[in-house]
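Visitor: Hey, dropping entry.txt in here, compact mmCIF, C-alpha atoms and all ligand atoms:
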```txt
# COMPACT_ATOMS: atom_id res chain seq x y z
CA MET M 22 78.30 -16.11 14.58
CA GLN M 23 80.84 -13.55 13.33
CA ASP M 24 83.58 -16.22 13.36
CA ARG M 25 81.39 -18.63 11.43
CA ARG M 26 80.60 -16.01 8.78
CA GLU M 27 84.29 -15.10 8.43
CA SER M 28 85.35 -18.72 8.09
CA GLN M 29 82.58 -19.30 5.50
CA GLN M 30 83.81 -16.23 3.56
CA ALA M 31 87.41 -17.50 3.75
CA MET M 32 86.26 -20.91 2.45
CA ASP M 33 84.32 -19.24 -0.40
CA ARG M 34 87.43 -17.17 -1.32
CA GLU M 35 89.53 -20.33 -1.31
CA VAL M 36 87.07 -22.11 -3.67
CA VAL M 37 87.03 -19.10 -6.03
CA ASP M 38 90.89 -19.03 -6.04
CA GLN M 39 90.98 -22.77 -6.80
CA GLU M 40 88.49 -22.34 -9.64
CA LYS M 41 90.60 -19.53 -11.13
CA GLU M 42 93.69 -21.74 -10.85
CA VAL M 43 92.00 -24.62 -12.74
CA SER M 44 90.70 -22.33 -15.52
CA LYS M 45 93.47 -19.77 -15.90
CA LYS M 46 95.42 -21.00 -18.91
CA LEU M 47 93.07 -19.87 -21.66
CA LYS M 48 91.71 -16.35 -22.02
CA PHE M 49 88.78 -14.90 -23.95
CA ALA M 50 88.77 -11.67 -25.93
CA LYS M 51 87.86 -8.47 -24.07
CA ASN M 52 84.20 -7.98 -23.22
CA SER M 53 82.53 -6.42 -26.26
CA GLY M 54 79.71 -4.77 -24.28
CA PHE M 55 77.24 -7.46 -25.33
CA GLN M 56 77.47 -9.32 -22.04
CA ALA M 57 76.98 -6.18 -19.90
CA GLU M 58 73.90 -5.16 -21.90
CA LEU M 59 72.48 -8.67 -21.70
CA ARG M 60 73.02 -8.76 -17.93
CA ARG M 61 71.37 -5.35 -17.57
CA ARG M 62 68.30 -6.49 -19.53
CA VAL M 63 67.97 -9.74 -17.57
CA ASP M 64 68.28 -7.84 -14.27
CA GLU M 65 65.54 -5.52 -15.53
CA LEU M 66 63.36 -8.56 -16.35
CA PHE M 67 63.56 -9.73 -12.73
CA GLN M 68 62.98 -6.23 -11.32
CA ASN M 69 59.86 -5.68 -13.44
CA SER M 70 58.20 -9.07 -12.92
CA ASN M 71 57.26 -11.57 -10.23
CA LEU M 72 60.06 -13.92 -11.31
CA LYS M 73 62.58 -15.04 -8.67
CA GLU M 74 66.16 -15.86 -9.60
CA ARG M 75 66.31 -18.66 -7.02
CA ASP M 76 64.08 -20.36 -4.42
CA CYS M 77 61.27 -20.69 -6.97
CA PRO M 78 58.28 -22.54 -5.41
CA GLN M 79 57.94 -24.66 -8.59
CA MET M 80 61.38 -26.14 -7.88
CA TYR M 81 60.38 -27.48 -4.50
CA THR M 82 57.22 -29.07 -5.99
CA LYS M 83 59.28 -30.52 -8.84
CA THR M 84 61.85 -31.94 -6.42
CA ALA M 85 59.09 -33.68 -4.44
CA ILE M 86 57.50 -35.12 -7.61
CA LEU M 87 60.81 -36.46 -8.97
CA LEU M 88 61.96 -37.98 -5.66
CA LEU M 89 58.54 -39.54 -4.98
CA GLY M 90 58.52 -40.81 -8.57
CA PHE M 91 61.99 -42.30 -8.11
CA PHE M 92 61.24 -44.13 -4.88
CA GLY M 93 57.71 -45.07 -6.05
CA VAL M 94 58.95 -46.75 -9.24
CA TYR M 95 61.86 -48.31 -7.29
CA ALA M 96 59.40 -49.81 -4.76
CA ALA M 97 57.14 -51.02 -7.60
CA LEU M 98 60.11 -52.80 -9.18
CA LEU M 99 61.09 -54.32 -5.86
CA PHE M 100 57.68 -55.46 -4.61
CA LEU M 101 55.05 -55.36 -7.39
CA ALA M 102 56.58 -56.25 -10.75
CA LEU M 103 56.14 -59.94 -11.52
CA THR M 104 56.72 -60.34 -15.25
CA TRP M 105 59.28 -59.06 -17.76
CA TRP M 106 56.71 -56.78 -19.43
CA GLN M 107 56.25 -55.05 -16.07
CA VAL M 108 59.96 -54.94 -15.18
CA VAL M 109 61.22 -53.55 -18.52
CA PRO M 110 58.99 -50.42 -18.74
CA LEU M 111 59.50 -49.71 -15.03
CA CYS M 112 63.32 -49.88 -15.46
CA ILE M 113 63.15 -47.52 -18.45
CA LEU M 114 60.89 -45.14 -16.48
CA LEU M 115 63.30 -45.27 -13.51
CA GLY M 116 66.19 -44.39 -15.85
CA VAL M 117 64.27 -41.39 -17.21
CA ILE M 118 63.27 -40.17 -13.72
CA THR M 119 66.89 -40.56 -12.54
CA ALA M 120 67.99 -38.39 -15.46
CA GLY M 121 65.29 -35.87 -14.44
CA ILE M 122 66.76 -35.74 -10.91
CA GLY M 123 70.18 -35.02 -12.41
CA PHE M 124 68.92 -32.40 -14.86
CA SER M 125 66.62 -30.57 -12.48
CA ILE M 126 67.61 -31.01 -8.84
CA GLN M 127 71.33 -31.79 -8.88
CA HIS M 128 72.28 -29.53 -11.78
CA ASP M 129 70.62 -26.42 -10.32
CA GLY M 130 72.02 -27.19 -6.87
CA ALA M 131 75.55 -27.62 -8.24
CA HIS M 132 75.36 -24.24 -10.02
CA HIS M 133 73.97 -22.54 -6.86
CA ALA M 134 70.86 -21.82 -8.92
CA TYR M 135 68.40 -23.73 -6.76
CA SER M 136 68.39 -21.53 -3.66
CA ASN M 137 70.01 -18.50 -2.04
CA SER M 138 71.01 -20.81 0.79
CA LEU M 139 74.40 -22.50 0.43
CA TRP M 140 73.39 -25.62 2.34
CA VAL M 141 70.20 -26.12 0.28
CA ASN M 142 72.28 -25.95 -2.90
CA LYS M 143 74.83 -28.37 -1.44
CA LEU M 144 72.11 -30.80 -0.40
CA MET M 145 70.46 -30.67 -3.84
CA ALA M 146 73.85 -31.08 -5.56
CA MET M 147 74.42 -34.19 -3.42
CA SER M 148 71.39 -35.86 -5.03
CA LEU M 149 73.99 -36.83 -7.66
CA ASP M 150 75.77 -39.00 -5.07
CA LEU M 151 72.42 -40.69 -4.41
CA ILE M 152 72.10 -41.66 -8.07
CA GLY M 153 75.64 -42.96 -8.30
CA ALA M 154 78.08 -40.20 -9.30
CA SER M 155 80.29 -37.86 -7.30
CA SER M 156 79.02 -34.30 -6.80
CA TYR M 157 82.60 -33.20 -6.03
CA ILE M 158 84.04 -34.41 -9.34
CA TRP M 159 81.00 -33.01 -11.15
CA HIS M 160 81.69 -29.56 -9.74
CA TRP M 161 85.17 -29.41 -11.29
CA LYS M 162 84.37 -31.27 -14.49
CA HIS M 163 81.12 -29.49 -15.31
CA ASP M 164 80.67 -26.23 -13.35
CA VAL M 165 84.28 -25.12 -13.80
CA ILE M 166 85.89 -26.86 -16.81
CA HIS M 167 82.94 -27.43 -19.18
CA HIS M 168 81.25 -24.09 -18.44
CA THR M 169 84.49 -22.12 -18.90
CA TYR M 170 85.91 -23.91 -21.95
CA THR M 171 82.70 -24.93 -23.74
CA ASN M 172 83.48 -26.86 -26.96
CA ILE M 173 87.21 -26.08 -26.90
CA ALA M 174 88.88 -29.39 -27.73
CA GLY M 175 91.62 -30.35 -25.30
CA TYR M 176 89.96 -28.30 -22.56
CA ASP M 177 86.28 -29.27 -22.47
CA MET M 178 86.26 -32.87 -21.24
CA ASP M 179 82.67 -33.39 -22.45
CA LEU M 180 84.11 -33.63 -25.98
CA GLU M 181 86.37 -36.53 -25.01
CA VAL M 182 84.94 -39.99 -25.71
CA GLY M 183 88.28 -41.76 -26.05
CA ILE M 184 89.16 -43.48 -29.31
CA PHE M 185 85.52 -44.41 -29.89
CA GLY M 186 84.42 -41.12 -31.41
CA ARG M 187 85.56 -37.90 -33.03
CA LEU M 188 83.32 -35.08 -31.86
CA SER M 189 85.40 -32.04 -32.81
CA PRO M 190 87.37 -31.15 -35.96
CA THR M 191 90.66 -30.97 -34.01
CA HIS M 192 90.43 -34.55 -32.76
CA PRO M 193 92.32 -37.21 -34.75
CA ARG M 194 90.19 -39.25 -37.15
CA LEU M 195 90.42 -43.03 -37.13
CA THR M 196 89.14 -45.35 -39.86
CA PHE M 197 86.21 -46.73 -37.88
CA HIS M 198 84.91 -43.24 -37.06
CA ARG M 199 83.22 -43.34 -40.48
CA TRP M 200 80.51 -45.46 -38.77
CA GLN M 201 80.36 -43.41 -35.57
CA HIS M 202 77.02 -41.79 -36.48
CA TYR M 203 75.48 -45.27 -36.08
CA TYR M 204 77.36 -46.91 -33.24
CA LEU M 205 77.94 -43.98 -30.85
CA TRP M 206 74.22 -43.85 -29.97
CA ILE M 207 74.57 -47.35 -28.48
CA LEU M 208 77.83 -46.53 -26.68
CA TYR M 209 76.13 -43.49 -25.06
CA GLY M 210 74.14 -46.04 -23.07
CA PHE M 211 77.27 -47.09 -21.17
CA LEU M 212 78.05 -43.57 -19.90
CA ALA M 213 76.34 -43.97 -16.53
CA ILE M 214 77.77 -47.46 -15.85
CA LYS M 215 81.29 -46.21 -16.61
CA TRP M 216 80.67 -43.18 -14.41
CA HIS M 217 79.36 -45.30 -11.51
CA PHE M 218 82.20 -47.82 -11.44
CA TYR M 219 85.23 -46.30 -13.18
CA ASP M 220 85.38 -42.55 -13.93
CA ASP M 221 84.82 -41.17 -10.42
CA PHE M 222 87.27 -43.62 -8.82
CA ASN M 223 89.84 -42.94 -11.53
CA CYS M 224 89.53 -39.16 -10.99
CA PHE M 225 89.86 -39.52 -7.21
CA ILE M 226 92.89 -41.79 -7.44
CA THR M 227 94.79 -39.84 -10.14
CA GLY M 228 93.77 -36.33 -8.99
CA LYS M 229 92.99 -35.51 -12.63
CA ILE M 230 89.91 -35.02 -14.80
CA GLY M 231 91.10 -36.01 -18.26
CA ASP M 232 94.56 -34.47 -18.33
CA ARG M 233 93.71 -31.56 -15.99
CA PHE M 234 94.57 -31.50 -12.32
CA TYR M 235 91.88 -30.38 -9.89
CA PRO M 236 92.11 -29.67 -6.13
CA ARG M 237 92.20 -32.79 -4.02
CA PRO M 238 89.02 -33.23 -1.94
CA LYS M 239 88.98 -32.31 1.73
CA ARG M 240 88.11 -35.02 4.22
CA SER M 241 84.40 -34.05 4.22
CA ASN M 242 84.20 -34.28 0.41
CA LEU M 243 85.95 -37.63 0.47
CA ALA M 244 83.46 -38.85 3.08
CA ILE M 245 80.52 -37.68 0.91
CA PHE M 246 82.08 -39.50 -2.06
CA LEU M 247 82.53 -42.79 -0.19
CA VAL M 248 79.18 -42.71 1.64
CA GLY M 249 77.49 -41.70 -1.63
CA LYS M 250 78.94 -44.69 -3.50
CA LEU M 251 77.97 -46.99 -0.63
CA VAL M 252 74.37 -45.70 -0.52
CA PHE M 253 74.14 -46.01 -4.30
CA LEU M 254 75.46 -49.60 -4.28
CA ASN M 255 72.85 -50.48 -1.67
CA ILE M 256 70.03 -48.91 -3.67
CA ALA M 257 71.13 -50.32 -7.02
CA LEU M 258 72.30 -53.82 -6.16
CA ILE M 259 72.42 -54.90 -2.52
CA ILE M 260 68.85 -54.17 -1.32
CA PRO M 261 67.18 -55.53 -4.49
CA SER M 262 69.23 -58.73 -4.24
CA LEU M 263 67.65 -59.45 -0.82
CA PHE M 264 64.34 -59.94 -2.66
CA HIS M 265 65.30 -61.14 -6.15
CA PRO M 266 67.95 -63.34 -7.85
CA PHE M 267 71.20 -61.44 -8.43
CA TRP M 268 71.17 -61.97 -12.22
CA LEU M 269 67.77 -60.25 -12.40
CA VAL M 270 68.97 -57.37 -10.21
CA LEU M 271 72.06 -56.95 -12.39
CA ALA M 272 69.99 -56.99 -15.60
CA SER M 273 67.51 -54.47 -14.16
CA TYR M 274 70.36 -52.18 -13.00
CA GLY M 275 71.87 -52.50 -16.50
CA LEU M 276 68.63 -51.42 -18.18
CA VAL M 277 68.06 -48.46 -15.81
CA ALA M 278 71.69 -47.30 -16.22
CA PHE M 279 71.61 -47.82 -20.00
CA THR M 280 68.47 -45.67 -20.30
CA LEU M 281 70.04 -43.05 -18.03
CA GLY M 282 73.25 -43.02 -20.10
CA ILE M 283 71.39 -42.52 -23.38
CA VAL M 284 69.14 -39.74 -22.03
CA LEU M 285 72.06 -37.87 -20.39
CA SER M 286 74.36 -38.21 -23.41
CA VAL M 287 71.81 -37.23 -26.02
CA VAL M 288 70.73 -34.12 -24.08
CA PHE M 289 74.39 -33.07 -23.63
CA GLN M 290 75.22 -33.73 -27.29
CA LEU M 291 72.21 -31.88 -28.68
CA ALA M 292 73.39 -28.75 -26.89
CA HIS M 293 76.96 -28.65 -28.20
CA VAL M 294 77.76 -31.38 -30.72
CA VAL M 295 75.56 -30.45 -33.69
CA LEU M 296 76.05 -28.83 -37.10
CA GLU M 297 75.15 -25.34 -35.84
CA ALA M 298 77.63 -25.26 -32.90
CA GLN M 299 81.11 -23.77 -33.24
CA PHE M 300 84.29 -25.50 -32.06
CA PRO M 301 86.71 -22.58 -31.57
CA VAL M 302 90.41 -23.02 -30.89
CA PRO M 303 92.92 -20.38 -29.77
CA ALA M 304 94.88 -18.70 -32.58
CA GLU M 305 98.30 -20.28 -33.23
CA ASN M 306 100.94 -19.48 -30.58
CA SER M 307 98.34 -17.73 -28.46
CA SER M 308 96.15 -18.69 -25.56
CA VAL M 309 93.34 -16.32 -26.46
CA ILE M 310 89.94 -17.27 -27.88
CA GLU M 311 88.84 -14.78 -30.53
CA LYS M 312 85.36 -14.01 -29.14
CA ASP M 313 84.42 -12.66 -25.72
CA TRP M 314 83.14 -15.18 -23.19
CA ALA M 315 79.40 -14.54 -23.61
CA ILE M 316 79.47 -14.66 -27.42
CA HIS M 317 81.63 -17.79 -27.22
CA GLN M 318 78.97 -19.45 -25.04
CA ILE M 319 76.19 -18.56 -27.50
CA GLU M 320 78.09 -19.69 -30.59
CA THR M 321 79.03 -23.04 -29.04
CA THR M 322 75.57 -23.86 -27.72
CA VAL M 323 72.25 -24.76 -29.36
CA ASN M 324 68.71 -24.87 -27.90
CA PHE M 325 65.93 -27.25 -28.87
CA SER M 326 62.17 -27.78 -28.27
CA ARG M 327 61.80 -24.34 -26.72
CA HIS M 328 58.01 -24.44 -26.98
CA ASN M 329 57.50 -27.84 -25.37
CA PRO M 330 56.77 -27.34 -21.63
CA PHE M 331 57.02 -31.07 -20.85
CA VAL M 332 60.53 -31.31 -22.37
CA THR M 333 61.53 -28.13 -20.48
CA TRP M 334 60.16 -29.59 -17.22
CA LEU M 335 61.79 -33.01 -17.55
CA LEU M 336 65.16 -31.76 -18.82
CA GLY M 337 65.50 -29.10 -16.15
CA GLY M 338 65.54 -26.37 -18.80
CA LEU M 339 68.54 -27.92 -20.55
CA ASN M 340 66.74 -27.52 -23.87
CA PHE M 341 67.56 -23.84 -23.15
CA GLN M 342 71.31 -24.47 -22.87
CA VAL M 343 72.16 -21.05 -24.32
CA GLU M 344 70.47 -19.37 -21.36
CA HIS M 345 71.95 -21.92 -18.97
CA HIS M 346 75.48 -21.20 -20.17
CA LEU M 347 74.97 -17.45 -19.94
CA PHE M 348 73.26 -17.48 -16.53
CA PRO M 349 74.16 -20.78 -14.86
CA ASN M 350 73.28 -19.56 -11.37
CA ILE M 351 69.75 -18.50 -12.19
CA CYS M 352 67.12 -21.21 -11.60
CA HIS M 353 66.13 -23.02 -14.81
CA ILE M 354 62.42 -22.33 -14.21
CA ASN M 355 63.17 -18.83 -15.61
CA TYR M 356 64.92 -19.87 -18.84
CA PRO M 357 61.87 -19.60 -21.18
CA GLU M 358 61.38 -15.94 -20.14
CA ILE M 359 65.12 -15.15 -20.22
CA SER M 360 65.39 -16.69 -23.70
CA LYS M 361 63.14 -13.97 -25.17
CA VAL M 362 65.57 -11.32 -23.87
CA VAL M 363 68.62 -13.25 -25.07
CA GLU M 364 67.22 -13.85 -28.56
CA GLN M 365 66.23 -10.17 -28.96
CA THR M 366 69.65 -8.95 -27.72
CA CYS M 367 71.44 -11.37 -30.04
CA GLN M 368 69.47 -10.02 -33.00
CA GLU M 369 70.41 -6.43 -32.12
CA PHE M 370 74.12 -7.25 -31.69
CA GLY M 371 74.33 -9.50 -34.78
CA VAL M 372 75.09 -12.64 -32.77
CA LYS M 373 73.63 -15.88 -34.19
CA TYR M 374 71.18 -17.48 -31.73
CA ASN M 375 71.02 -21.19 -32.53
CA TYR M 376 68.08 -23.47 -31.88
CA HIS M 377 66.27 -26.51 -33.22
CA ARG M 378 62.49 -26.47 -33.31
CA SER M 379 62.21 -29.99 -31.92
CA PHE M 380 64.17 -32.66 -30.09
CA TRP M 381 64.20 -34.79 -33.27
CA ALA M 382 65.60 -31.94 -35.35
CA GLY M 383 68.44 -31.77 -32.82
CA CYS M 384 69.00 -35.55 -33.06
CA ILE M 385 69.20 -35.36 -36.87
CA SER M 386 71.71 -32.51 -36.64
CA HIS M 387 73.83 -34.51 -34.16
CA PHE M 388 73.70 -37.53 -36.54
CA HIS M 389 74.90 -35.39 -39.49
CA TRP M 390 77.67 -33.77 -37.40
CA LEU M 391 78.94 -37.21 -36.32
CA ARG M 392 78.88 -38.38 -39.94
CA ARG M 393 80.80 -35.31 -41.07
CA MET M 394 83.43 -35.76 -38.32
CA GLY M 395 83.76 -39.44 -39.23
CA VAL M 396 84.63 -38.88 -42.88
CA SER M 397 86.40 -35.51 -43.19
ZN ZN N 401 75.63 -26.66 -16.24
```
Just give me the structure of the file as structure tokens.
Ligand SMILES: [Zn+2]

Guide:
Amino acid sequence: MQDRRESQQAMDREVVDQEKEVSKKLKFAKNSGFQAELRRRVDELFQNSNLKERDCPQMYTKTAILLLGFFGVYAALLFLALTWWQVVPLCILLGVITAGIGFSIQHDGAHHAYSNSLWVNKLMAMSLDLIGASSYIWHWKHDVIHHTYTNIAGYDMDLEVGIFGRLSPTHPRLTFHRWQHYYLWILYGFLAIKWHFYDDFNCFITGKIGDRFYPRPKRSNLAIFLVGKLVFLNIALIIPSLFHPFWLVLASYGLVAFTLGIVLSVVFQLAHVVLEAQFPVPAENSSVIEKDWAIHQIETTVNFSRHNPFVTWLLGGLNFQVEHHLFPNICHINYPEISKVVEQTCQEFGVKYNYHRSFWAGCISHFHWLRRMGVS
């Protein structure tokens, strides 16, 4: 028992060292006191209420609903749908539920926000492998790189969409970017397909995410990656083609993945790529970002639809991205309550707390930001 605990602690230390190694090049300004006060107030919130930071009963219910929904709609597509007007809405619904699994189950698990138990978090994080993408790559790309370097061009890989789009002012502008506020919405639909069949394999083969090296996977992580892709291929293409013509299976997969890509992309973009978000860069000849880490997170992130419980439920609290970036390892069920504390503290410290009243207001802001980046 003692040996097992020590080896687990050694493994945890090794992961922390690796994470520091990947994110050590850029530094943030010294803590201004804002973050410590915010942390104190949020701790107080949990001490003086019935809220639980992790292992929230609602999460287990939500997990059951989403997984039952996923396999229920999948079975309906496989065995009940007979006409195109039954297949199309079911594929779209399956795409939305798959996004819900990513937002709620996998995302919390990956941030160790689902449970206090390491293996429960790991299992939940692996739901990403079930829906076609690698939980190992996600950890480095999202938990470490995106959450450390939010909206810093050249560091945050979520800002990189190749030559197709210019999301930040420091990216080069190409002539056709002047139409990006129209065509990028369509290209977002291909995110999941590219992820399933290209990005993960490319990252594993090159050992890089974008231009950043990350630690090579151990044998167990490699096994999870390969088994995950195999299970996904069976679910998405092989099993359905035992019952239906392959062209129909391929078209149905395309529609599910296209819906998934659009939902994932738009939710990510509304949080960081809008008029109200900042895109800081280090001062010339320095590797220091002007603001401290917590203020940087708030200024680069924007909430939306905070008063819509259905949106909060389906998006796994990612309409409260400000709170997610400040407290990524607290379960998202708590974000609406935490947001009251964050907004109040921001007001007192003179930090701008950004939000859109609705999802559509966020979409319009993203459209205008893309148009601005395309022409100037
Ligand atoms: Zn996250």

Visitor: Taking all atoms listed in the file into account, which residues are within 12 Å of ligand ZN 401 (chain N), as a PyMOL selection string?

Guide: chain M and resi 123-134+146+159-169+171+179+288-289+292+318+322+336-353

Visitor: Which is closer to Leu205 (chain M) than all the others in M:Ser138, M:Gln290, M:Thr280, M:Asn355, using all atoms listed in the file?

Guide: M:Gln290

Visitor: Smallest atom-to-atom distance to Asn329 (chain M): which of M:Phe300, M:Tyr274, M:Phe197, M:Phe380, using only C-alpha atoms?

Guide: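 Of M:Phe300, M:Tyr274, M:Phe197, M:Phe380, the one nearest Asn329 (chain M) is M:Phe380, counting only C-alpha atoms.
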
Visitor: Using all atoms listed in the file, which of M:Leu144, M:Val372, M:Ile260, M:Val332 sits nearest Ile316 (chain M)?

Guide: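 Using all atoms listed in the file, the shortest distance to Ile316 (chain M) belongs to M:Val372.
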
Visitor: Suppose you want the space between CA of Val294 (chain M) and CA of Glu369 (chain M); what is it in Å?

Guide: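 These two atoms are separated by 26.0 Å.
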